[in-house]
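Heads up: the structure comes next, in structure tokens.
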Amino acid sequence: MVLGVAGGGSGGHSIPLLAIAEELRKTTPRADIFFITTQKSVEERIIQGRGFPYYKIPSGKLNGQSKLTQLWTLCRLPFALLKSFFLVLLCRPDIALSAGGYAGAPFIMAAKLLGVRTIIYEQNRKPGMAIRLMSRFANLVLLNYDSARDNFPRSNTAVVGLPCREEITNIRWRGTDPRWAESNFQIFVTGGSQGAVGLNRMLVEAMRELAEKARGISIHHQTGNNDVNFVEDVYKGIELADYKVEGFVYDMPKAYEAAHVVICRAGASTLVELAAAAKAAILVPLVSADNHQTSNARDYEGAGAAKMIMQEDGAEKVLANQLRELIANRSQLLEMSRNMGARYVPGATAKILAHLRKSH
């Protein structure tokens, strides 16, 4: 089997694709797998060093961009299609797989027009613009949520769940480490693969509120490249016991494993990793037109697996109070971790591979 995988434009979309590719390589060593990505993209950073060949096409984001950026992207679209045609002819994939995004649409379109079987994967309840476009060229649409079926022709959909990398499930917390109850309170903060300025600002203000407890807190903070110096300067000023600030975290399993609590957004990919690692969380959903992250966060809060904070005025005080409560009451944290772990449903990757093999 030759599988072409087109990146999704964000870590949340690209990481499930990587989980699929790594499991296929593990279970079918003779499979040839290559990635299609864009210049200086998130997925390029994620797949580097993983042993997969990858090719870049000149594509970019349309939704939510300035008129000038949209015009520039549209001007490059014919070149992205031409290069996608060339790569399909060069690599001759049996199947083209994508989770949407900048590189996905041109590659899936070219593959379909050249007679390659095309499969797309949608992890959200409501598909984005790229996925809606790509579904017209897809032989099969794989879904995380059954409720997403209404957005596609039901004849070519299958619900498979959300894949998670084996390296995350391998560090799953099982409540057996005695140091967990005694060590400094470990916080891992991540706004996603590109960081989140609003989340960074909320966190540092919360740490200022917690100045009296700062010496008992350790923080690992993924900020995105633009906020590294700002966040580091704040942490120096409040004399945190221990902190590490990075623009991009390559070793996510290690970061999850060390944390007592994770402060993050509430995207589907992030939530499945939290559940696989059995890590309690404070969720700060990204507000969008369909509010799908808010819906996700409420669901996990209702299950006792997480706390939810909306990013609005006064949120830093709410976050500081929630952290005080968890620091003082680690039994509550233990219960949240157990409830989070109970949310994990394994087997999504195997289901997707079964569809890939059936299509081959």
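Labels used: A, B, ... for chains in the order of the structure tokens, numbers from 1 for residues in each chain, and numbers from 1 for ligands as shown.
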request  = Identify all residues of range 145-241 of chain A in helix (DSSP H, G or I) (DSSP on the backbone) and supply them as a VMD selection string.
outcome  = chain A and resid 146 to 151 154 to 156 166 to 169 178 to 181 197 to 209 211 to 216 225 to 237
Using N, CA and C atoms, can you export the residues from the last selection as a short mmCIF file (atom, residue, chain, number, x, y, z; two decimals), in the first residue's frame?
data_model
loop_
_atom_site.label_atom_id
_atom_site.label_comp_id
_atom_site.auth_asym_id
_atom_site.auth_seq_id
_atom_site.Cartn_x
_atom_site.Cartn_y
_atom_site.Cartn_z
N ASP A 146 -20.90 10.73 15.60
CA ASP A 146 -22.02 10.29 14.79
C ASP A 146 -22.89 11.47 14.36
N SER A 147 -22.96 12.50 15.22
CA SER A 147 -23.80 13.66 14.92
C SER A 147 -23.29 14.44 13.70
N ALA A 148 -22.05 14.20 13.29
CA ALA A 148 -21.50 14.90 12.12
C ALA A 148 -22.01 14.31 10.80
N ARG A 149 -22.65 13.15 10.87
CA ARG A 149 -23.13 12.50 9.63
C ARG A 149 -24.06 13.40 8.83
N ASP A 150 -24.83 14.25 9.52
CA ASP A 150 -25.82 15.07 8.84
C ASP A 150 -25.19 16.06 7.85
N ASN A 151 -23.88 16.28 7.96
CA ASN A 151 -23.20 17.22 7.08
C ASN A 151 -22.68 16.57 5.80
N ARG A 154 -24.85 10.16 3.81
CA ARG A 154 -24.68 9.06 4.76
C ARG A 154 -24.14 7.80 4.09
N SER A 155 -24.31 7.68 2.78
CA SER A 155 -23.87 6.47 2.08
C SER A 155 -22.36 6.28 2.10
N ASN A 156 -21.62 7.36 2.28
CA ASN A 156 -20.15 7.22 2.25
C ASN A 156 -19.49 7.73 3.53
N GLU A 166 0.29 6.31 20.19
CA GLU A 166 0.65 5.30 21.17
C GLU A 166 1.55 5.86 22.26
N GLU A 167 2.40 6.83 21.91
CA GLU A 167 3.31 7.40 22.89
C GLU A 167 2.57 8.16 23.99
N ILE A 168 1.34 8.61 23.70
CA ILE A 168 0.51 9.24 24.73
C ILE A 168 -0.12 8.18 25.62
N THR A 169 -0.69 7.14 25.03
CA THR A 169 -1.31 6.09 25.84
C THR A 169 -0.28 5.36 26.70
N PRO A 178 3.91 7.47 44.12
CA PRO A 178 3.77 8.16 45.41
C PRO A 178 4.26 9.61 45.38
N ARG A 179 5.16 9.94 44.45
CA ARG A 179 5.66 11.31 44.36
C ARG A 179 4.57 12.28 43.92
N TRP A 180 3.54 11.73 43.30
CA TRP A 180 2.49 12.58 42.74
C TRP A 180 1.83 13.43 43.82
N ALA A 181 1.70 12.89 45.01
CA ALA A 181 1.01 13.63 46.09
C ALA A 181 1.95 14.53 46.88
N VAL A 197 -2.41 33.49 22.51
CA VAL A 197 -2.04 34.71 23.22
C VAL A 197 -3.00 34.97 24.38
N GLY A 198 -4.31 34.82 24.15
CA GLY A 198 -5.28 35.07 25.21
C GLY A 198 -5.08 34.16 26.40
N LEU A 199 -4.80 32.90 26.13
CA LEU A 199 -4.55 31.94 27.22
C LEU A 199 -3.26 32.28 27.96
N ASN A 200 -2.24 32.69 27.23
CA ASN A 200 -0.98 33.09 27.87
C ASN A 200 -1.19 34.26 28.82
N ARG A 201 -1.94 35.27 28.37
CA ARG A 201 -2.18 36.44 29.22
C ARG A 201 -2.99 36.06 30.46
N MET A 202 -3.98 35.20 30.30
CA MET A 202 -4.78 34.77 31.43
C MET A 202 -3.91 34.04 32.45
N LEU A 203 -3.03 33.18 31.96
CA LEU A 203 -2.22 32.37 32.85
C LEU A 203 -1.24 33.22 33.66
N VAL A 204 -0.55 34.14 32.99
CA VAL A 204 0.44 34.93 33.74
C VAL A 204 -0.23 35.84 34.75
N GLU A 205 -1.43 36.35 34.44
CA GLU A 205 -2.14 37.16 35.42
C GLU A 205 -2.60 36.31 36.60
N ALA A 206 -3.00 35.08 36.33
CA ALA A 206 -3.38 34.16 37.40
C ALA A 206 -2.17 33.86 38.29
N MET A 207 -1.00 33.73 37.69
CA MET A 207 0.21 33.47 38.48
C MET A 207 0.56 34.67 39.36
N ARG A 208 0.29 35.87 38.87
CA ARG A 208 0.50 37.06 39.71
C ARG A 208 -0.45 37.02 40.90
N GLU A 209 -1.70 36.57 40.67
CA GLU A 209 -2.67 36.43 41.76
C GLU A 209 -2.21 35.40 42.78
N ALA A 211 0.85 34.74 43.70
CA ALA A 211 2.24 35.04 44.05
C ALA A 211 2.66 34.41 45.38
N GLU A 212 1.71 34.32 46.34
CA GLU A 212 2.06 33.77 47.65
C GLU A 212 2.33 32.27 47.58
N LYS A 213 1.86 31.62 46.54
CA LYS A 213 2.08 30.18 46.40
C LYS A 213 3.07 29.85 45.29
N ALA A 214 3.65 30.88 44.68
CA ALA A 214 4.48 30.67 43.49
C ALA A 214 5.65 29.73 43.74
N ARG A 215 6.21 29.76 44.95
CA ARG A 215 7.39 28.93 45.24
C ARG A 215 7.06 27.44 45.30
N GLY A 216 5.80 27.10 45.37
CA GLY A 216 5.42 25.69 45.38
C GLY A 216 4.86 25.20 44.07
N ASN A 225 5.66 30.92 19.46
CA ASN A 225 6.97 31.58 19.34
C ASN A 225 6.96 33.05 19.73
N ASN A 226 5.84 33.75 19.54
CA ASN A 226 5.83 35.20 19.75
C ASN A 226 5.77 35.62 21.22
N ASP A 227 5.38 34.71 22.10
CA ASP A 227 5.15 35.09 23.51
C ASP A 227 6.21 34.55 24.48
N VAL A 228 7.24 33.91 23.98
CA VAL A 228 8.22 33.26 24.86
C VAL A 228 8.85 34.27 25.82
N ASN A 229 9.38 35.35 25.29
CA ASN A 229 10.11 36.32 26.14
C ASN A 229 9.18 37.00 27.13
N PHE A 230 7.97 37.36 26.70
CA PHE A 230 7.03 38.02 27.59
C PHE A 230 6.69 37.13 28.79
N VAL A 231 6.35 35.87 28.53
CA VAL A 231 5.96 34.97 29.61
C VAL A 231 7.14 34.68 30.53
N GLU A 232 8.32 34.47 29.96
CA GLU A 232 9.51 34.23 30.78
C GLU A 232 9.76 35.40 31.73
N ASP A 233 9.61 36.62 31.23
CA ASP A 233 9.86 37.80 32.07
C ASP A 233 8.89 37.87 33.24
N VAL A 234 7.63 37.52 33.01
CA VAL A 234 6.64 37.52 34.10
C VAL A 234 7.02 36.49 35.15
N TYR A 235 7.36 35.28 34.71
CA TYR A 235 7.69 34.21 35.66
C TYR A 235 8.93 34.54 36.47
N LYS A 236 9.89 35.20 35.85
CA LYS A 236 11.08 35.64 36.61
C LYS A 236 10.67 36.63 37.69
N GLY A 237 9.78 37.54 37.36
CA GLY A 237 9.38 38.60 38.29
C GLY A 237 8.62 38.09 39.50
#
request  = Step one, run DSSP on the backbone; step two, keep only residues of range 116-224 of chain A assigned to strand (DSSP E); then write them as a PyMOL selection string.
outcome  = chain A and resi 117-122+140-143+157-159+185-190+217-222
For the residues in the current selection, export C-alpha atoms as a short mmCIF file (atom, residue, chain, number, x, y, z; two decimals), in the first residue's frame.
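Produced file out-v8.cif, reproduced below:
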data_model
loop_
_atom_site.label_atom_id
_atom_site.label_comp_id
_atom_site.auth_asym_id
_atom_site.auth_seq_id
_atom_site.Cartn_x
_atom_site.Cartn_y
_atom_site.Cartn_z
CA ARG A 117 -9.21 6.55 -3.87
CA THR A 118 -9.68 9.47 -1.48
CA ILE A 119 -10.59 9.40 2.22
CA ILE A 120 -11.07 12.37 4.53
CA TYR A 121 -11.30 12.40 8.31
CA GLU A 122 -13.37 14.92 10.29
CA LEU A 140 -15.21 7.88 2.08
CA VAL A 141 -15.65 10.29 5.00
CA LEU A 142 -14.49 9.03 8.41
CA LEU A 143 -15.99 10.77 11.46
CA THR A 157 -19.55 7.91 5.97
CA ALA A 158 -18.29 5.79 8.86
CA VAL A 159 -17.91 6.71 12.54
CA PHE A 185 2.41 21.27 41.95
CA GLN A 186 3.13 20.71 38.24
CA ILE A 187 1.15 22.67 35.65
CA PHE A 188 1.42 22.14 31.90
CA VAL A 189 -0.03 24.98 29.82
CA THR A 190 -0.61 24.63 26.09
CA ILE A 217 4.43 25.67 41.70
CA SER A 218 6.27 24.35 38.66
CA ILE A 219 5.09 25.35 35.20
CA HIS A 220 5.84 24.03 31.73
CA HIS A 221 4.30 26.54 29.33
CA GLN A 222 3.99 26.23 25.56
#
request  = Using only C-alpha atoms, pick whichever of A:Leu319, A:Met340, A:Lys56, A:Leu283 has the shortest atom-to-atom distance to Gly304 in chain A.
outcome  = A:Met340
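Here the question is which of A:Val116, A:Val5, A:Ala105, A:Ala315 gets nearest to Gly128 in chain A using only C-alpha atoms, and that residue is A:Ala105.
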Contacts of Gly4 in chain A at 12 Å (only C-alpha atoms; same-chain gap of 4+ positions) as a CSV table (one decimal) with C-alpha atoms, in the first residue's frame:
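New file part_13.csv:
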chain,number,residue,atom,x,y,z
A,17,LEU,CA,-3.0,11.7,10.9
A,18,LEU,CA,0.5,11.0,12.4
A,20,ILE,CA,-2.6,6.7,11.8
A,21,ALA,CA,0.6,6.8,9.7
A,31,ALA,CA,3.6,0.2,3.4
A,32,ASP,CA,5.0,3.4,1.8
A,33,ILE,CA,3.7,6.5,3.5
A,34,PHE,CA,4.4,10.1,2.6
A,35,PHE,CA,3.1,13.5,3.8
A,36,ILE,CA,2.0,16.6,1.9
A,37,THR,CA,2.4,19.8,3.8
A,52,PHE,CA,8.4,9.9,6.8
A,53,PRO,CA,9.2,11.7,3.5
A,54,TYR,CA,7.3,14.8,3.0
A,55,TYR,CA,6.7,17.3,0.2
A,84,SER,CA,-0.3,18.2,-6.2
A,87,LEU,CA,3.2,14.6,-6.6
A,88,VAL,CA,0.4,12.1,-7.2
A,89,LEU,CA,2.0,11.1,-10.5
A,90,LEU,CA,5.4,10.9,-8.9
A,91,CYS,CA,4.5,9.0,-5.7
A,92,ARG,CA,1.5,7.0,-7.1
A,93,PRO,CA,-0.5,6.6,-3.9
A,94,ASP,CA,-3.2,3.9,-3.7
A,95,ILE,CA,-5.1,6.1,-1.1
A,96,ALA,CA,-5.0,9.8,-0.4
A,97,LEU,CA,-6.0,10.7,3.2
A,98,SER,CA,-6.5,14.1,4.7
A,99,ALA,CA,-8.1,15.8,7.7
A,103,ALA,CA,-2.5,21.2,2.0
A,104,GLY,CA,-5.4,18.8,2.1
A,107,PHE,CA,-4.0,17.2,-2.8
A,108,ILE,CA,-7.3,15.4,-2.4
A,110,ALA,CA,-5.7,16.2,-7.6
A,111,ALA,CA,-5.7,12.6,-6.3
A,116,VAL,CA,-6.8,7.7,-6.6
A,117,ARG,CA,-9.2,6.5,-3.9
A,118,THR,CA,-9.7,9.5,-1.5
A,119,ILE,CA,-10.6,9.4,2.2
A,120,ILE,CA,-11.1,12.4,4.5
A,356,LEU,CA,-7.7,1.9,4.6
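For the residues A:Gly314, A:Gly267, A:Gly224, A:Gly247, ranking by smallest atom-to-atom distance to Asn296 in chain A using only C-alpha atoms places A:Gly267 first.
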query = Please, what distance in Å, to one decimal, runs between CA of Lys112 in chain A and CA of Ala138 in chain A?
reply =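 Computed distance, CA of Lys112 in chain A to CA of Ala138 in chain A, equals 7.4 Å.
Using only C-alpha atoms for every distance, the candidate list A:Ala19, A:Thr223, A:Cys264, A:His13 yields A:His13 as the residue closest to Ile131 in chain A.
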ask   = Which is closer to Phe85 in chain A than all the others in A:Ile57, A:Glu239, A:Gln322, A:Gly100, using only C-alpha atoms?
value =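 Of all the options, A:Ile57 lies closest to Phe85 in chain A.
In this comparison, which uses only C-alpha atoms, the residue of A:Leu3, A:Gly192, A:Leu114, A:Met336 approaching Thr270 in chain A most closely is A:Gly192.
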query = Please, what distance in Å, to one decimal, runs between CA of Gln39 in chain A and CA of Phe86 in chain A?
reply =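 Value for the CA of Gln39 in chain A-CA of Phe86 in chain A distance: 17.3 Å.
The spacing separating CA of Ser331 in chain A from CA of Ile238 in chain A amounts to 27.4 Å.
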